[in-house]
file work.json (JSON, C-alpha atoms)
[["chain", "number", "residue", "atom", "x", "y", "z"],
["A", 76, "MET", "CA", 0.00, 0.00, 0.00],
["A", 77, "ILE", "CA", 1.27, 3.48, -0.88],
["A", 78, "LYS", "CA", 0.79, 6.25, 1.64],
["A", 79, "GLY", "CA", 2.05, 9.77, 1.44],
["A", 80, "GLY", "CA", 1.13, 12.56, 3.86],
["A", 81, "SER", "CA", -2.09, 14.12, 2.60],
["A", 82, "MET", "CA", -2.20, 11.78, -0.40],
["A", 83, "PRO", "CA", -4.83, 9.04, -0.41],
["A", 84, "SER", "CA", -3.66, 5.49, 0.31],
["A", 85, "PHE", "CA", -3.72, 3.11, -2.62],
["A", 86, "ARG", "CA", -2.19, 0.10, -4.28],
["A", 87, "LEU", "CA", -1.38, -0.41, -7.92],
["A", 88, "VAL", "CA", -2.39, -3.46, -9.93],
["A", 89, "GLU", "CA", -0.43, -3.79, -13.15],
["A", 90, "MET", "CA", -2.63, -4.26, -16.17],
["A", 91, "THR", "CA", -1.66, -7.42, -18.01],
["A", 92, "PRO", "CA", -1.76, -7.63, -21.80],
["A", 93, "SER", "CA", -4.70, -10.06, -21.42],
["A", 94, "ALA", "CA", -6.65, -7.59, -19.28],
["A", 95, "MET", "CA", -5.90, -4.73, -21.69],
["A", 96, "SER", "CA", -6.96, -6.89, -24.63],
["A", 97, "ALA", "CA", -10.24, -7.66, -22.85],
["A", 98, "LEU", "CA", -10.82, -3.95, -22.24],
["A", 99, "ALA", "CA", -10.05, -3.22, -25.90],
["A", 100, "VAL", "CA", -13.17, -5.22, -26.80],
["A", 101, "GLY", "CA", -15.21, -3.90, -23.86],
["A", 102, "ASP", "CA", -15.08, -7.07, -21.77],
["A", 103, "ILE", "CA", -14.90, -5.55, -18.29],
["A", 104, "PRO", "CA", -15.77, -8.83, -16.46],
["A", 105, "ALA", "CA", -12.87, -10.69, -18.13],
["A", 106, "ALA", "CA", -10.42, -7.87, -17.42],
["A", 107, "SER", "CA", -11.60, -7.67, -13.80],
["A", 108, "ALA", "CA", -11.21, -11.42, -13.35],
["A", 109, "GLU", "CA", -7.72, -11.32, -14.85],
["A", 110, "LEU", "CA", -6.62, -8.59, -12.42],
["A", 111, "GLY", "CA", -8.58, -9.63, -9.35],
["A", 112, "VAL", "CA", -10.17, -6.19, -8.95],
["A", 113, "SER", "CA", -13.56, -4.80, -10.00],
["A", 114, "LEU", "CA", -13.01, -2.48, -12.93],
["A", 115, "THR", "CA", -15.76, -0.08, -13.92],
["A", 116, "GLU", "CA", -17.20, 1.39, -17.11],
["A", 117, "HIS", "CA", -14.60, 4.14, -16.71],
["A", 118, "PHE", "CA", -12.06, 1.76, -18.20],
["A", 119, "VAL", "CA", -13.91, 1.55, -21.50],
["A", 120, "GLY", "CA", -15.89, 4.81, -21.48],
["A", 121, "ASP", "CA", -15.05, 7.85, -23.58],
["A", 122, "ASP", "CA", -13.86, 5.49, -26.32],
["A", 123, "LEU", "CA", -10.92, 4.27, -24.21],
["A", 124, "ARG", "CA", -10.86, 0.99, -26.10],
["A", 125, "TYR", "CA", -8.36, 2.53, -28.54],
["A", 126, "LEU", "CA", -6.04, 3.26, -25.60],
["A", 127, "TRP", "CA", -5.95, -0.39, -24.55],
["A", 128, "ARG", "CA", -5.22, -1.53, -28.12],
["A", 129, "TYR", "CA", -2.42, 1.05, -28.30],
["A", 130, "ARG", "CA", -0.92, -0.05, -24.99],
["A", 131, "VAL", "CA", -1.07, -3.76, -25.84],
["A", 132, "ALA", "CA", 0.83, -2.96, -29.05],
["A", 133, "LEU", "CA", 3.38, -0.87, -27.11],
["A", 134, "ARG", "CA", 3.96, -3.66, -24.60],
["A", 135, "ALA", "CA", 4.52, -6.12, -27.43],
["A", 136, "THR", "CA", 7.28, -3.95, -28.96],
["A", 137, "ALA", "CA", 9.48, -4.17, -25.86],
["A", 138, "PRO", "CA", 7.95, -6.12, -22.95],
["A", 139, "ASP", "CA", 10.93, -5.42, -20.69],
["A", 140, "GLN", "CA", 10.69, -1.64, -21.13],
["A", 141, "PRO", "CA", 8.31, 0.79, -19.38],
["A", 142, "GLN", "CA", 6.39, 1.73, -22.51],
["A", 143, "GLY", "CA", 2.75, 0.79, -22.39],
["A", 144, "ARG", "CA", 2.86, -0.19, -18.72],
["A", 145, "VAL", "CA", -0.28, 0.85, -16.95],
["A", 146, "TRP", "CA", -1.73, 0.25, -13.52],
["A", 147, "ALA", "CA", -5.22, 0.23, -12.09],
["A", 148, "VAL", "CA", -5.29, 2.41, -8.97],
["A", 149, "VAL", "CA", -7.09, 0.79, -6.06],
["A", 150, "SER", "CA", -8.10, 2.89, -3.05],
["A", 151, "GLU", "CA", -7.18, 1.36, 0.29],
["A", 152, "PRO", "CA", -8.59, 0.08, 2.50],
["A", 153, "ASP", "CA", -11.95, 0.06, 0.63],
["A", 154, "GLY", "CA", -10.71, -1.60, -2.57],
["A", 155, "GLU", "CA", -12.46, 0.83, -4.94],
["A", 156, "VAL", "CA", -10.78, 1.14, -8.35],
["A", 157, "VAL", "CA", -10.46, 4.92, -8.73],
["A", 158, "GLY", "CA", -8.54, 5.26, -11.98],
["A", 159, "HIS", "CA", -5.48, 4.24, -13.95],
["A", 160, "GLY", "CA", -2.15, 5.64, -14.99],
["A", 161, "GLY", "CA", 0.87, 4.61, -16.96],
["A", 162, "PHE", "CA", 3.58, 5.33, -19.47],
["A", 163, "GLN", "CA", 2.18, 6.52, -22.76],
["A", 164, "THR", "CA", 5.22, 6.28, -25.03],
["A", 165, "PRO", "CA", 8.58, 4.59, -25.26],
["A", 166, "ALA", "CA", 11.38, 6.52, -23.56],
["A", 167, "SER", "CA", 13.12, 8.89, -25.94],
["A", 168, "ASP", "CA", 16.85, 8.79, -26.60],
["A", 169, "GLN", "CA", 17.11, 11.74, -24.21],
["A", 170, "GLY", "CA", 15.47, 9.77, -21.37],
["A", 171, "THR", "CA", 12.00, 11.33, -21.57],
["A", 172, "ILE", "CA", 8.97, 9.24, -20.63],
["A", 173, "GLU", "CA", 5.41, 10.45, -21.18],
["A", 174, "ILE", "CA", 2.82, 9.73, -18.53],
["A", 175, "SER", "CA", -0.94, 9.65, -18.71],
["A", 176, "TYR", "CA", -3.58, 9.09, -16.07],
["A", 177, "SER", "CA", -7.31, 9.16, -15.60],
["A", 178, "VAL", "CA", -9.55, 9.35, -12.55],
["A", 179, "ALA", "CA", -13.01, 7.77, -12.52],
["A", 180, "PRO", "CA", -15.74, 10.43, -12.36],
["A", 181, "ALA", "CA", -17.01, 9.22, -8.96],
["A", 182, "ALA", "CA", -13.50, 9.60, -7.48],
["A", 183, "ARG", "CA", -12.68, 13.07, -8.80],
["A", 184, "ARG", "CA", -11.90, 16.07, -6.61],
["A", 185, "ARG", "CA", -10.51, 13.84, -3.84],
["A", 186, "GLY", "CA", -6.77, 14.05, -4.61],
["A", 187, "TRP", "CA", -6.52, 10.97, -6.83],
["A", 188, "GLY", "CA", -5.16, 12.74, -9.90],
["A", 189, "LYS", "CA", -2.29, 14.23, -7.95],
["A", 190, "ALA", "CA", -1.60, 10.92, -6.20],
["A", 191, "ILE", "CA", -1.52, 8.99, -9.49],
["A", 192, "ALA", "CA", 0.64, 11.56, -11.30],
["A", 193, "THR", "CA", 3.07, 11.72, -8.38],
["A", 194, "GLU", "CA", 3.38, 7.94, -8.26],
["A", 195, "LEU", "CA", 4.06, 7.90, -12.02],
["A", 196, "LEU", "CA", 6.88, 10.41, -11.46],
["A", 197, "HIS", "CA", 8.41, 8.05, -8.89],
["A", 198, "ARG", "CA", 8.09, 5.09, -11.22],
["A", 199, "ALA", "CA", 9.57, 7.03, -14.16],
["A", 200, "ALA", "CA", 12.56, 7.93, -11.98],
["A", 201, "ASP", "CA", 12.92, 4.26, -11.02],
["A", 202, "GLU", "CA", 12.96, 3.43, -14.77],
["A", 203, "GLY", "CA", 15.89, 5.82, -15.27],
["A", 204, "ALA", "CA", 13.95, 8.66, -16.90],
["A", 205, "ARG", "CA", 15.62, 12.05, -16.84],
["A", 206, "THR", "CA", 12.49, 13.96, -17.85],
["A", 207, "VAL", "CA", 8.79, 13.24, -17.55],
["A", 208, "ARG", "CA", 6.38, 14.60, -20.13],
["A", 209, "ALA", "CA", 2.61, 15.09, -20.04],
["A", 210, "ALA", "CA", 0.30, 16.23, -22.85],
["A", 211, "VAL", "CA", -2.94, 17.80, -21.64],
["A", 212, "SER", "CA", -6.00, 19.20, -23.38],
["A", 213, "PRO", "CA", -6.18, 22.97, -22.84],
["A", 214, "ASP", "CA", -9.75, 22.42, -21.57],
["A", 215, "ASN", "CA", -8.72, 19.95, -18.85],
["A", 216, "THR", "CA", -8.39, 22.45, -16.00],
["A", 217, "ALA", "CA", -8.13, 19.74, -13.32],
["A", 218, "SER", "CA", -5.14, 18.04, -14.97],
["A", 219, "LEU", "CA", -3.51, 21.40, -15.75],
["A", 220, "ALA", "CA", -3.71, 22.27, -12.04],
["A", 221, "ILE", "CA", -2.33, 18.87, -11.01],
["A", 222, "ILE", "CA", 0.73, 18.94, -13.22],
["A", 223, "SER", "CA", 1.49, 22.53, -12.29],
["A", 224, "ALA", "CA", 1.28, 21.63, -8.59],
["A", 225, "ILE", "CA", 3.84, 18.83, -9.01],
["A", 226, "GLY", "CA", 6.41, 20.86, -10.88],
["A", 227, "PHE", "CA", 5.70, 20.52, -14.60],
["A", 228, "HIS", "CA", 6.39, 23.47, -16.90],
["A", 229, "ARG", "CA", 4.87, 24.10, -20.31],
["A", 230, "THR", "CA", 7.30, 23.44, -23.15],
["A", 231, "GLY", "CA", 5.01, 23.68, -26.18],
["A", 232, "GLU", "CA", 1.95, 22.20, -27.80],
["A", 233, "GLN", "CA", 1.09, 19.47, -30.27],
["A", 234, "TRP", "CA", -1.76, 18.11, -32.34],
["A", 235, "ASP", "CA", -2.94, 14.62, -31.46],
["A", 236, "GLU", "CA", -4.96, 12.74, -34.09],
["A", 237, "LYS", "CA", -7.34, 11.38, -31.45],
["A", 238, "ASP", "CA", -7.43, 14.16, -28.84],
["A", 239, "GLY", "CA", -6.81, 17.33, -30.87],
["A", 240, "ARG", "CA", -4.75, 20.23, -29.50],
["A", 241, "GLU", "CA", -2.65, 19.37, -26.45],
["A", 242, "LEU", "CA", -0.39, 21.48, -24.30],
["A", 243, "VAL", "CA", 2.94, 19.78, -23.62],
["A", 244, "PHE", "CA", 4.56, 19.95, -20.19],
["A", 245, "GLU", "CA", 7.80, 18.51, -18.86],
["A", 246, "ARG", "CA", 9.44, 18.03, -15.50],
["A", 247, "PRO", "CA", 13.07, 17.09, -15.03],
["A", 248, "ILE", "CA", 13.78, 14.26, -12.61],
["A", 249, "THR", "CA", 16.26, 15.89, -10.27],
["A", 250, "ASP", "CA", 14.86, 14.36, -7.14],
["A", 251, "ARG", "CA", 11.72, 12.55, -6.14],
["A", 252, "PRO", "CA", 8.60, 14.74, -6.06]]
call {"tool": "encode", "arguments": {"input": "work.json", "output": "structure tokens"}}
result
Amino acid sequence: MIKGGSMPSFRLVEMTPSAMSALAVGDIPAASAELGVSLTEHFVGDDLRYLWRYRVALRATAPDQPQGRVWAVVSEPDGEVVGHGGFQTPASDQGTIEISYSVAPAARRRGWGKAIATELLHRAADEGARTVRAAVSPDNTASLAIISAIGFHRTGEQWDEKDGRELVFERPITDRP
């Protein structure tokens, strides 16, 4: 279990390729059974099925690397699955890893986004990353506030085929957040 001051307590359950494949076709019961936790519609809502297909493909390219790794975030001690987070892209030659995370609607505004993003920073550092990157929709005020609070700085913007305009932020790993 992960505890951290004012951060909520949680545990991470790594999403297996089988669970992600099940989610890619909308089979929440199979993915839940594979992981031993009760996933919710949040894991396939908002057309997230493409994300699971993408991450399964990423994991297949280099199973021993961080790319495509994702975890379900389970609140403790109640066992509620409150969201997920992971590494969105392979590490660049410069040691940059991109993170992404999502909080289930019922769990929002309770500190979960910050807890997940902070844990991803720790894990990226453990993977040897020198910089962590996040791409955020300019309309996502909650995520913009979270990444600002944990030390990210805007470095530019990009166009994503699926998500449209995104603001790009980075944070060097100089010490643990």
call {"tool": "closest_residue", "arguments": {"input": "work.json", "among": "A:Ala137, A:Val112, A:Val119, A:Ala220", "to": "Ala97 (chain A)", "atoms": "all atoms listed in the file"}}
result
A:Val119
call {"tool": "closest_residue", "arguments": {"input": "work.json", "among": "A:Ala106, A:Leu196, A:Ala179, A:Leu87", "to": "Val145 (chain A)", "atoms": "only C-alpha atoms"}}
result
A:Leu87
call {"tool": "closest_residue", "arguments": {"input": "work.json", "among": "A:Ala209, A:Ala182, A:Val100, A:Val156", "to": "Leu195 (chain A)", "atoms": "only C-alpha atoms"}}
result
A:Ala209
call {"tool": "atom_distance", "arguments": {"input": "work.json", "atom1": "CA of Glu236 (chain A)", "atom2": "CA of Gln142 (chain A)"}}
result
19.6 Å
call {"tool": "residues_around", "arguments": {"input": "work.json", "residues": "Ala200 (chain A)", "least_positions_apart": "6", "cutoff": "12 Å", "atoms": "only C-alpha atoms", "output": "PyMOL selection string"}}
result
chain A and resi 141+162+166+170-174+193-194+206-207+246-252
call {"tool": "closest_residue", "arguments": {"input": "work.json", "among": "A:Ser84, A:Thr91, A:Gln163, A:Thr115", "to": "Trp187 (chain A)", "atoms": "only C-alpha atoms"}}
result
A:Ser84
call {"tool": "atom_distance", "arguments": {"input": "work.json", "atom1": "CA of Trp234 (chain A)", "atom2": "CA of Arg198 (chain A)"}}
result
26.7 Å
call {"tool": "atom_distance", "arguments": {"input": "work.json", "atom1": "CA of Ala105 (chain A)", "atom2": "CA of Ser177 (chain A)"}}
result
20.8 Å
call {"tool": "closest_residue", "arguments": {"input": "work.json", "among": "A:Ser223, A:Ser167, A:Thr216, A:Ser107", "to": "Ala192 (chain A)", "atoms": "only C-alpha atoms"}}
result
A:Ser223
call {"tool": "residues_around", "arguments": {"input": "work.json", "residues": "Leu126 (chain A)", "least_positions_apart": "2", "cutoff": "10 Å", "atoms": "only C-alpha atoms", "output": "mmCIF file with C-alpha atoms, in the coordinates of the input"}}
result
data_model
loop_
_atom_site.group_PDB
_atom_site.id
_atom_site.type_symbol
_atom_site.label_atom_id
_atom_site.label_comp_id
_atom_site.auth_asym_id
_atom_site.auth_seq_id
_atom_site.Cartn_x
_atom_site.Cartn_y
_atom_site.Cartn_z
ATOM 1 C CA MET A 95 -5.900 -4.730 -21.690
ATOM 2 C CA LEU A 98 -10.820 -3.950 -22.240
ATOM 3 C CA ALA A 99 -10.050 -3.220 -25.900
ATOM 4 C CA PHE A 118 -12.060 1.760 -18.200
ATOM 5 C CA VAL A 119 -13.910 1.550 -21.500
ATOM 6 C CA ASP A 122 -13.860 5.490 -26.320
ATOM 7 C CA LEU A 123 -10.920 4.270 -24.210
ATOM 8 C CA ARG A 124 -10.860 0.990 -26.100
ATOM 9 C CA ARG A 128 -5.220 -1.530 -28.120
ATOM 10 C CA TYR A 129 -2.420 1.050 -28.300
ATOM 11 C CA ARG A 130 -0.920 -0.050 -24.990
ATOM 12 C CA VAL A 131 -1.070 -3.760 -25.840
ATOM 13 C CA ALA A 132 0.830 -2.960 -29.050
ATOM 14 C CA GLY A 143 2.750 0.790 -22.390
ATOM 15 C CA GLN A 163 2.180 6.520 -22.760
#
call {"tool": "closest_residue", "arguments": {"input": "work.json", "among": "A:Arg144, A:Arg134, A:Arg205, A:Arg184", "to": "Val157 (chain A)", "atoms": "all atoms listed in the file"}}
result
A:Arg184
call {"tool": "residues_near_point", "arguments": {"input": "work.json", "point": "(-3.8, 3.0, -5.2)", "cutoff": "7 Å", "atoms": "all atoms listed in the file", "output": "list in words"}}
result
Ile77, Ser84, Phe85, Arg86, Leu87, Val148, Val149, Ser150 and Glu151 of chain A
call {"tool": "residues_around", "arguments": {"input": "work.json", "residues": "Pro104 (chain A)", "least_positions_apart": "5", "cutoff": "9 Å", "atoms": "only C-alpha atoms", "output": "list in words"}}
result
Ala97, Glu109, Ser113 and Leu114 of chain A
